[in-house]
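**Q** File name target-v2.cif; file contents mmCIF, C-alpha atoms; full text below.
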```
data_coords
loop_
_atom_site.label_atom_id
_atom_site.label_comp_id
_atom_site.auth_asym_id
_atom_site.auth_seq_id
_atom_site.Cartn_x
_atom_site.Cartn_y
_atom_site.Cartn_z
CA MET A 7 -10.07 -16.70 -16.45
CA GLU A 8 -13.09 -18.87 -17.13
CA ASN A 9 -14.81 -18.06 -13.84
CA VAL A 10 -14.40 -14.84 -11.86
CA PHE A 11 -15.17 -14.58 -8.14
CA GLY A 12 -15.58 -11.19 -6.51
CA VAL A 13 -14.69 -11.18 -2.81
CA ASP A 14 -15.41 -8.53 -0.20
CA VAL A 15 -13.04 -9.12 2.72
CA ALA A 16 -13.97 -8.76 6.40
CA LYS A 17 -12.01 -9.70 9.52
CA ALA A 18 -13.78 -13.00 10.21
CA TRP A 19 -15.27 -13.93 6.83
CA ILE A 20 -15.42 -13.14 3.13
CA ASP A 21 -18.48 -12.35 1.01
CA VAL A 22 -18.25 -14.08 -2.35
CA ALA A 23 -20.05 -13.33 -5.62
CA GLY A 24 -19.43 -16.17 -8.06
CA PRO A 25 -20.92 -17.88 -11.10
CA ASP A 26 -23.36 -19.74 -8.82
CA GLY A 27 -24.47 -16.70 -6.84
CA TYR A 28 -23.62 -15.21 -3.44
CA GLN A 29 -22.22 -16.93 -0.36
CA ARG A 30 -20.45 -16.04 2.88
CA VAL A 31 -17.34 -18.04 3.77
CA SER A 32 -15.63 -18.17 7.17
CA ASN A 33 -11.93 -17.33 7.32
CA LYS A 34 -11.47 -20.85 8.71
CA ASP A 35 -12.53 -22.22 5.32
CA LEU A 36 -10.35 -20.08 3.05
CA THR A 37 -8.21 -23.02 1.90
CA ALA A 38 -11.30 -25.02 0.95
CA PHE A 39 -12.67 -21.96 -0.89
CA ALA A 40 -9.39 -21.54 -2.79
CA GLN A 41 -9.41 -25.21 -3.79
CA ALA A 42 -13.01 -24.89 -5.02
CA VAL A 43 -12.06 -21.89 -7.17
CA ARG A 44 -9.10 -23.78 -8.58
CA ALA A 45 -11.34 -26.74 -9.47
CA VAL A 46 -13.35 -24.51 -11.84
CA HIS A 47 -10.25 -22.73 -13.21
CA GLY A 48 -11.33 -19.47 -11.66
CA GLY A 49 -9.70 -16.35 -10.31
CA VAL A 50 -10.48 -14.02 -7.42
CA VAL A 51 -10.80 -10.22 -7.37
CA PHE A 52 -10.63 -8.47 -3.99
CA GLU A 53 -9.81 -5.07 -2.53
CA ALA A 54 -6.74 -4.00 -0.59
CA SER A 55 -8.13 -3.93 2.96
CA GLY A 56 -5.28 -2.81 5.18
CA GLY A 57 -3.92 -6.33 5.65
CA CYS A 58 -7.25 -8.11 6.21
CA GLU A 59 -6.89 -9.58 2.72
CA THR A 60 -3.58 -11.31 3.53
CA PRO A 61 -5.07 -14.67 4.70
CA LEU A 62 -7.16 -14.87 1.52
CA ARG A 63 -4.24 -13.96 -0.70
CA THR A 64 -2.05 -16.54 1.03
CA ALA A 65 -4.68 -19.28 0.64
CA LEU A 66 -5.08 -18.48 -3.05
CA GLY A 67 -1.34 -18.46 -3.64
CA THR A 68 -0.89 -21.80 -1.87
CA VAL A 69 -3.09 -23.61 -4.41
CA GLY A 70 -2.13 -21.47 -7.41
CA VAL A 71 -5.35 -19.50 -7.93
CA PRO A 72 -4.97 -16.16 -9.80
CA ALA A 73 -5.42 -13.33 -7.29
CA ILE A 74 -6.23 -9.76 -8.34
CA ARG A 75 -6.08 -6.99 -5.75
CA VAL A 76 -7.65 -3.64 -6.62
CA ASN A 77 -7.62 -0.21 -5.03
CA PRO A 78 -10.89 0.44 -3.11
CA ARG A 79 -11.21 3.88 -4.70
CA ARG A 80 -11.08 2.32 -8.14
CA SER A 81 -13.73 -0.28 -7.34
CA ARG A 82 -15.98 2.42 -5.86
CA ALA A 83 -15.57 4.54 -8.98
CA PHE A 84 -16.39 1.48 -11.09
CA ALA A 85 -19.53 0.88 -9.01
CA ASN A 86 -20.63 4.50 -9.46
CA SER A 87 -20.11 4.22 -13.22
CA LEU A 88 -22.57 1.29 -13.19
CA GLY A 89 -25.07 3.27 -11.15
CA ARG A 90 -24.53 1.09 -8.07
CA LEU A 91 -24.83 3.75 -5.39
CA ALA A 92 -25.73 1.36 -2.58
CA LYS A 93 -22.82 -0.11 -0.63
CA THR A 94 -23.18 -3.46 1.11
CA ASP A 95 -20.86 -6.44 1.38
CA LYS A 96 -22.95 -8.33 -1.18
CA VAL A 97 -23.01 -5.39 -3.61
CA ASP A 98 -19.26 -4.83 -3.24
CA ALA A 99 -18.54 -8.49 -3.99
CA GLN A 100 -20.70 -8.36 -7.12
CA VAL A 101 -19.00 -5.14 -8.28
CA LEU A 102 -15.58 -6.75 -7.86
CA ARG A 103 -16.72 -9.74 -9.90
CA GLU A 104 -17.90 -7.47 -12.71
CA MET A 105 -14.58 -5.61 -12.62
CA GLY A 106 -12.78 -8.89 -13.17
CA GLN A 107 -15.10 -9.79 -16.04
CA ARG A 108 -14.97 -6.45 -17.85
CA LEU A 109 -11.48 -5.08 -17.18
CA ASP A 110 -8.00 -6.40 -17.88
CA LEU A 111 -6.69 -6.41 -14.31
CA PRO A 112 -3.14 -7.53 -13.44
CA GLU A 113 -2.57 -10.43 -11.06
CA CYS A 114 -0.71 -9.95 -7.78
CA PRO A 115 1.48 -12.97 -7.04
CA PRO A 116 1.70 -14.05 -3.38
CA ASP A 117 4.51 -12.69 -1.23
CA SER A 118 7.31 -14.91 -0.02
CA GLU A 119 7.67 -15.59 3.71
CA GLU A 120 10.64 -13.23 3.91
CA MET A 121 8.68 -10.45 2.19
CA LEU A 122 5.69 -10.94 4.53
CA HIS A 123 8.08 -10.67 7.49
CA LEU A 124 9.71 -7.54 6.06
CA LYS A 125 6.33 -5.94 5.41
CA ALA A 126 5.23 -6.62 8.99
CA LEU A 127 8.39 -5.01 10.38
CA GLN A 128 8.08 -2.04 8.03
CA LEU A 129 4.43 -1.49 8.95
CA ARG A 130 5.18 -1.63 12.67
CA ARG A 131 8.06 0.83 12.31
CA ARG A 132 5.86 3.26 10.38
CA GLN A 133 3.14 3.00 13.04
CA LEU A 134 5.59 3.91 15.81
CA VAL A 135 7.06 6.78 13.80
CA GLU A 136 3.53 8.18 13.40
CA ASP A 137 2.92 7.72 17.14
CA ALA A 138 6.09 9.68 17.86
CA LYS A 139 4.93 12.52 15.62
CA ARG A 140 1.68 12.75 17.56
CA GLU A 141 3.49 12.75 20.90
CA LYS A 142 5.75 15.58 19.72
CA VAL A 143 2.69 17.64 18.81
CA ARG A 144 1.22 16.98 22.26
CA TRP A 145 4.51 18.12 23.85
CA THR A 146 4.18 21.51 22.13
CA GLN A 147 0.54 21.82 23.22
CA THR A 148 1.23 21.76 26.94
CA THR A 149 3.47 23.64 29.32
CA ASP A 150 2.76 21.47 32.36
CA PRO A 151 6.11 20.01 33.55
CA GLN A 152 4.75 16.63 34.66
CA THR A 153 2.82 16.17 31.41
CA ARG A 154 5.89 16.99 29.39
CA ARG A 155 7.97 14.51 31.36
CA SER A 156 5.34 11.83 30.69
CA ILE A 157 5.40 12.62 26.97
CA GLN A 158 9.20 12.53 26.94
CA ARG A 159 9.23 9.08 28.55
CA VAL A 160 6.90 7.79 25.84
CA LEU A 161 9.05 9.41 23.16
CA ASP A 162 12.17 7.74 24.56
CA VAL A 163 10.47 4.33 24.43
CA LEU A 164 9.24 4.93 20.90
CA LYS A 165 12.67 6.07 19.75
CA GLU A 166 14.32 2.94 21.16
CA GLU A 167 11.69 0.64 19.65
CA VAL A 168 12.03 2.29 16.23
CA ALA A 169 15.78 1.74 16.42
CA VAL A 170 15.24 -1.94 17.28
CA LEU A 171 12.85 -2.38 14.35
CA SER A 172 15.29 -0.62 12.01
CA ARG A 173 18.00 -3.10 12.96
CA GLN A 174 15.59 -6.01 12.46
CA ILE A 175 14.65 -4.68 9.02
CA GLU A 176 18.32 -4.41 8.05
CA ALA A 177 18.93 -7.97 9.24
CA CYS A 178 15.90 -9.26 7.32
CA ILE A 179 17.11 -7.65 4.09
CA ALA A 180 20.69 -8.81 4.61
CA ALA A 181 19.53 -12.41 5.14
CA SER A 182 17.92 -12.52 1.69
CA ARG A 183 20.09 -12.39 -1.41
CA ASP A 184 17.23 -11.11 -3.56
CA LEU A 185 16.19 -8.38 -1.12
CA SER A 186 19.76 -7.28 -0.43
CA GLU A 187 20.55 -6.99 -4.15
CA ARG A 188 17.41 -4.97 -4.83
CA ALA A 189 18.00 -2.76 -1.79
CA HIS A 190 21.60 -2.11 -2.92
CA LEU A 191 20.35 -1.12 -6.37
CA LEU A 192 17.73 1.23 -4.94
CA ARG A 193 20.15 2.88 -2.55
CA GLY A 194 22.35 3.76 -5.50
CA ALA A 195 19.76 6.41 -6.50
CA PRO A 196 20.25 9.95 -5.14
CA GLY A 197 18.27 10.64 -1.97
CA VAL A 198 17.35 6.99 -1.37
CA GLY A 199 18.45 5.76 2.06
CA PRO A 200 17.55 2.60 3.99
CA VAL A 201 14.08 3.82 4.99
CA VAL A 202 13.02 4.77 1.45
CA ALA A 203 14.60 1.64 -0.03
CA THR A 204 12.62 -0.54 2.38
CA ALA A 205 9.42 1.36 1.55
CA LEU A 206 10.01 0.73 -2.16
CA LEU A 207 10.71 -2.96 -1.58
CA THR A 208 7.58 -3.54 0.48
CA GLU A 209 5.07 -1.14 -1.07
CA LEU A 210 5.99 -1.07 -4.76
CA PRO A 211 6.46 -4.66 -6.00
CA GLU A 212 5.54 -3.44 -9.51
CA LEU A 213 8.82 -1.52 -9.74
CA GLY A 214 10.79 -2.87 -12.69
CA ALA A 215 7.74 -4.36 -14.40
CA LEU A 216 6.07 -1.07 -15.39
CA SER A 217 7.16 2.00 -17.33
CA PRO A 218 8.34 5.09 -15.41
CA ARG A 219 5.07 6.91 -16.24
CA GLN A 220 2.97 3.97 -15.05
CA VAL A 221 4.90 3.73 -11.79
CA ALA A 222 4.60 7.49 -11.20
CA ALA A 223 0.82 7.29 -11.66
CA LEU A 224 0.58 4.20 -9.45
CA VAL A 225 2.44 5.88 -6.59
CA GLY A 226 0.53 9.13 -7.03
CA VAL A 227 3.39 11.46 -7.98
CA ALA A 228 2.39 12.01 -11.63
CA PRO A 229 0.91 15.48 -12.29
CA MET A 230 -2.59 14.94 -13.70
CA ALA A 231 -4.06 17.22 -16.37
CA ARG A 232 -7.15 19.28 -15.49
CA ASP A 233 -8.03 20.81 -18.86
CA SER A 234 -11.45 21.55 -20.31
CA GLY A 235 -12.16 23.47 -23.53
CA THR A 236 -9.93 26.53 -23.62
CA ARG A 237 -9.14 26.27 -19.92
CA ILE A 238 -5.77 24.80 -18.97
CA GLY A 239 -5.89 23.79 -15.34
CA LYS A 240 -3.04 23.44 -12.91
CA ARG A 241 -1.46 19.99 -12.81
CA ARG A 242 -1.61 18.31 -9.42
CA ILE A 243 -0.60 14.96 -8.01
CA GLY A 244 -3.06 12.79 -6.12
CA GLY A 245 -4.22 9.30 -5.23
CA GLY A 246 -1.72 6.49 -5.20
CA ARG A 247 -0.03 5.04 -2.14
CA LYS A 248 0.26 7.81 0.43
CA SER A 249 2.85 6.32 2.78
CA LEU A 250 5.13 5.57 -0.15
CA ARG A 251 4.51 9.01 -1.64
CA ASP A 252 5.48 10.60 1.67
CA ALA A 253 8.74 8.63 1.74
CA LEU A 254 9.55 9.51 -1.86
CA TYR A 255 8.85 13.18 -1.19
CA MET A 256 11.62 13.30 1.41
CA ALA A 257 13.95 11.38 -0.92
CA GLY A 258 13.17 13.77 -3.77
CA LEU A 259 13.65 16.80 -1.55
CA SER A 260 17.04 15.54 -0.39
CA ALA A 261 18.14 14.62 -3.92
CA SER A 262 17.06 17.97 -5.38
CA ARG A 263 19.29 19.73 -2.88
CA SER A 264 22.38 17.56 -3.29
CA ASP A 265 22.38 16.38 -6.91
CA PRO A 266 23.00 19.12 -9.53
CA GLY A 267 21.10 17.30 -12.29
CA LEU A 268 18.04 16.71 -10.12
CA ARG A 269 18.22 20.24 -8.75
CA ALA A 270 18.01 21.61 -12.30
CA PHE A 271 15.17 19.21 -13.08
CA ALA A 272 13.24 20.32 -9.97
CA GLU A 273 13.67 23.98 -10.90
CA ARG A 274 12.44 23.28 -14.42
CA LEU A 275 9.33 21.60 -13.04
CA LYS A 276 8.63 24.56 -10.76
CA GLU A 277 8.92 27.00 -13.67
CA ASN A 278 6.51 24.92 -15.73
#
```
Starting from the coordinates I provided, produce the structure as structure tokens.

**A**
Amino acid sequence: MENVFGVDVAKAWIDVAGPDGYQRVSNKDLTAFAQAVRAVHGGVVFEASGGCETPLRTALGTVGVPAIRVNPRRSRAFANSLGRLAKTDKVDAQVLREMGQRLDLPECPPDSEEMLHLKALQLRRRQLVEDAKREKVRWTQTTDPQTRRSIQRVLDVLKEEVAVLSRQIEACIAASRDLSERAHLLRGAPGVGPVVATALLTELPELGALSPRQVAALVGVAPMARDSGTRIGKRRIGGGRKSLRDALYMAGLSASRSDPGLRAFAERLKEN
């Protein structure tokens, strides 16, 4: 890219560090911003911000501007390595610009409309499942009959709504040839059911484009070395995409109990 723009994303605006300095752009002007970046053959680096970055990413994809999304932990570590301990929107935008200039970062192509819809359904289902977990904990923390009945009513509503969303997710996947083929392939793996397959479709678009080791590190299931001198530390997993890692844990647990080959592999890992 000839010109790199670092963008710190907020709900109502973006803070931009570009070749001509710093500026703040309203979310109403994202298309105009994307067109301006395209005019100078530039690209944009921004952080994953829990969905707040979606309008920017969509605007960039509409006009064909290279978009690079980075993990906030990685950008913070990069800032610390530069001695940038202060954290403001302007500083963050400048750090992201320098990341794009110094590092070889992969682009993230825009999602299709069907994928955006599937991601929204998947996110909503996960939110309600988490709400149900919290309600179940509250049920165990009280013995008051009326309180328990109230909690049970909420749980019944959540259970029904999760079932509705599950059916909508299945319909969304079935309506797309590409998604249905990929989901069928994923569900052929031991332990992978509809929930895990949907999580992989929506949260791991890199699957198939990276090596197994790269994917394991990206998700956060690769044991990382902790050695120094003569000391050999215990390998532990960490980082990555937590919601996906949680889903894969249950899939791996199920597969290690039902598939003889994976059971032997799991035992070998434990011994090591």

**Q** List the residues selected by the PyMOL selection byres ((chain A and resi 260) around 12) in the file shown, writing them as a PyMOL selection string.

**A** chain A and resi 195-199+202+253-259+261-266+268-269+272

**Q** Contacts of Ala231 in chain A at 10 Å or less, counting only C-alpha atoms, minus same-chain residues fewer than 6 places along, as a list of chain:residue names?

**A** A:Ile238, A:Gly239, A:Lys240, A:Arg241, A:Arg242, A:Ile243

**Q** Find the distance between CA of Ala18 in chain A and CA of Ala99 in chain A and write it in Å to one decimal.

**A**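 CA of Ala99 in chain A lies at a distance of 15.6 Å from CA of Ala18 in chain A.
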
**Q** I would like the residues chosen by the PyMOL selection byres ((chain A and resi 155-169) around 8) on the shown file; could you give them as a count of residues only?

**A** 17

**Q** Separation of CA of Val101 in chain A and CA of Leu250 in chain A, in Å?

**A** 27.6 Å

**Q** By how many Å are CA of Phe39 in chain A and CA of Thr208 in chain A apart?

**A**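 Separation of CA of Phe39 in chain A and CA of Thr208 in chain A: 27.4 Å.
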
**Q** Which is closest to Ile179 in chain A among A:Val201, A:Ile20, A:Cys114, A:Leu66, if we use all atoms listed in the file?

**A**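 Distance minimum relative to Ile179 in chain A lands on A:Val201.
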
**Q** Decode the PyMOL selection byres ((chain A and resi 107) around 12) for the given file into explicit residues and return them as a PDB file with C-alpha atoms, in the frame of the given file.

**A**
```pdb
ATOM      1  CA  MET A   7     -10.070 -16.700 -16.450  1.00  0.00           C
ATOM      2  CA  GLU A   8     -13.090 -18.870 -17.130  1.00  0.00           C
ATOM      3  CA  ASN A   9     -14.810 -18.060 -13.840  1.00  0.00           C
ATOM      4  CA  VAL A  10     -14.400 -14.840 -11.860  1.00  0.00           C
ATOM      5  CA  PHE A  11     -15.170 -14.580  -8.140  1.00  0.00           C
ATOM      6  CA  GLY A  12     -15.580 -11.190  -6.510  1.00  0.00           C
ATOM      7  CA  GLY A  24     -19.430 -16.170  -8.060  1.00  0.00           C
ATOM      8  CA  PRO A  25     -20.920 -17.880 -11.100  1.00  0.00           C
ATOM      9  CA  GLY A  48     -11.330 -19.470 -11.660  1.00  0.00           C
ATOM     10  CA  GLY A  49      -9.700 -16.350 -10.310  1.00  0.00           C
ATOM     11  CA  VAL A  50     -10.480 -14.020  -7.420  1.00  0.00           C
ATOM     12  CA  VAL A  51     -10.800 -10.220  -7.370  1.00  0.00           C
ATOM     13  CA  ILE A  74      -6.230  -9.760  -8.340  1.00  0.00           C
ATOM     14  CA  GLN A 100     -20.700  -8.360  -7.120  1.00  0.00           C
ATOM     15  CA  VAL A 101     -19.000  -5.140  -8.280  1.00  0.00           C
ATOM     16  CA  LEU A 102     -15.580  -6.750  -7.860  1.00  0.00           C
ATOM     17  CA  ARG A 103     -16.720  -9.740  -9.900  1.00  0.00           C
ATOM     18  CA  GLU A 104     -17.900  -7.470 -12.710  1.00  0.00           C
ATOM     19  CA  MET A 105     -14.580  -5.610 -12.620  1.00  0.00           C
ATOM     20  CA  GLY A 106     -12.780  -8.890 -13.170  1.00  0.00           C
ATOM     21  CA  ARG A 108     -14.970  -6.450 -17.850  1.00  0.00           C
ATOM     22  CA  LEU A 109     -11.480  -5.080 -17.180  1.00  0.00           C
ATOM     23  CA  ASP A 110      -8.000  -6.400 -17.880  1.00  0.00           C
ATOM     24  CA  LEU A 111      -6.690  -6.410 -14.310  1.00  0.00           C
TER      25      LEU A 111
END
```

**Q** Under the rule that only C-alpha atoms are counted, which of A:Gly70, A:Asn278, A:Asp35, A:Asn77 is the nearest residue to Glu53 in chain A?

**A** A:Asn77

**Q** Residues near Pro211 in chain A, anyone? I mean within 10 Å using only C-alpha atoms, not counting same-chain ones fewer than 5 positions away, as a ChimeraX atom specification.

**A** /A:114-115,117,206
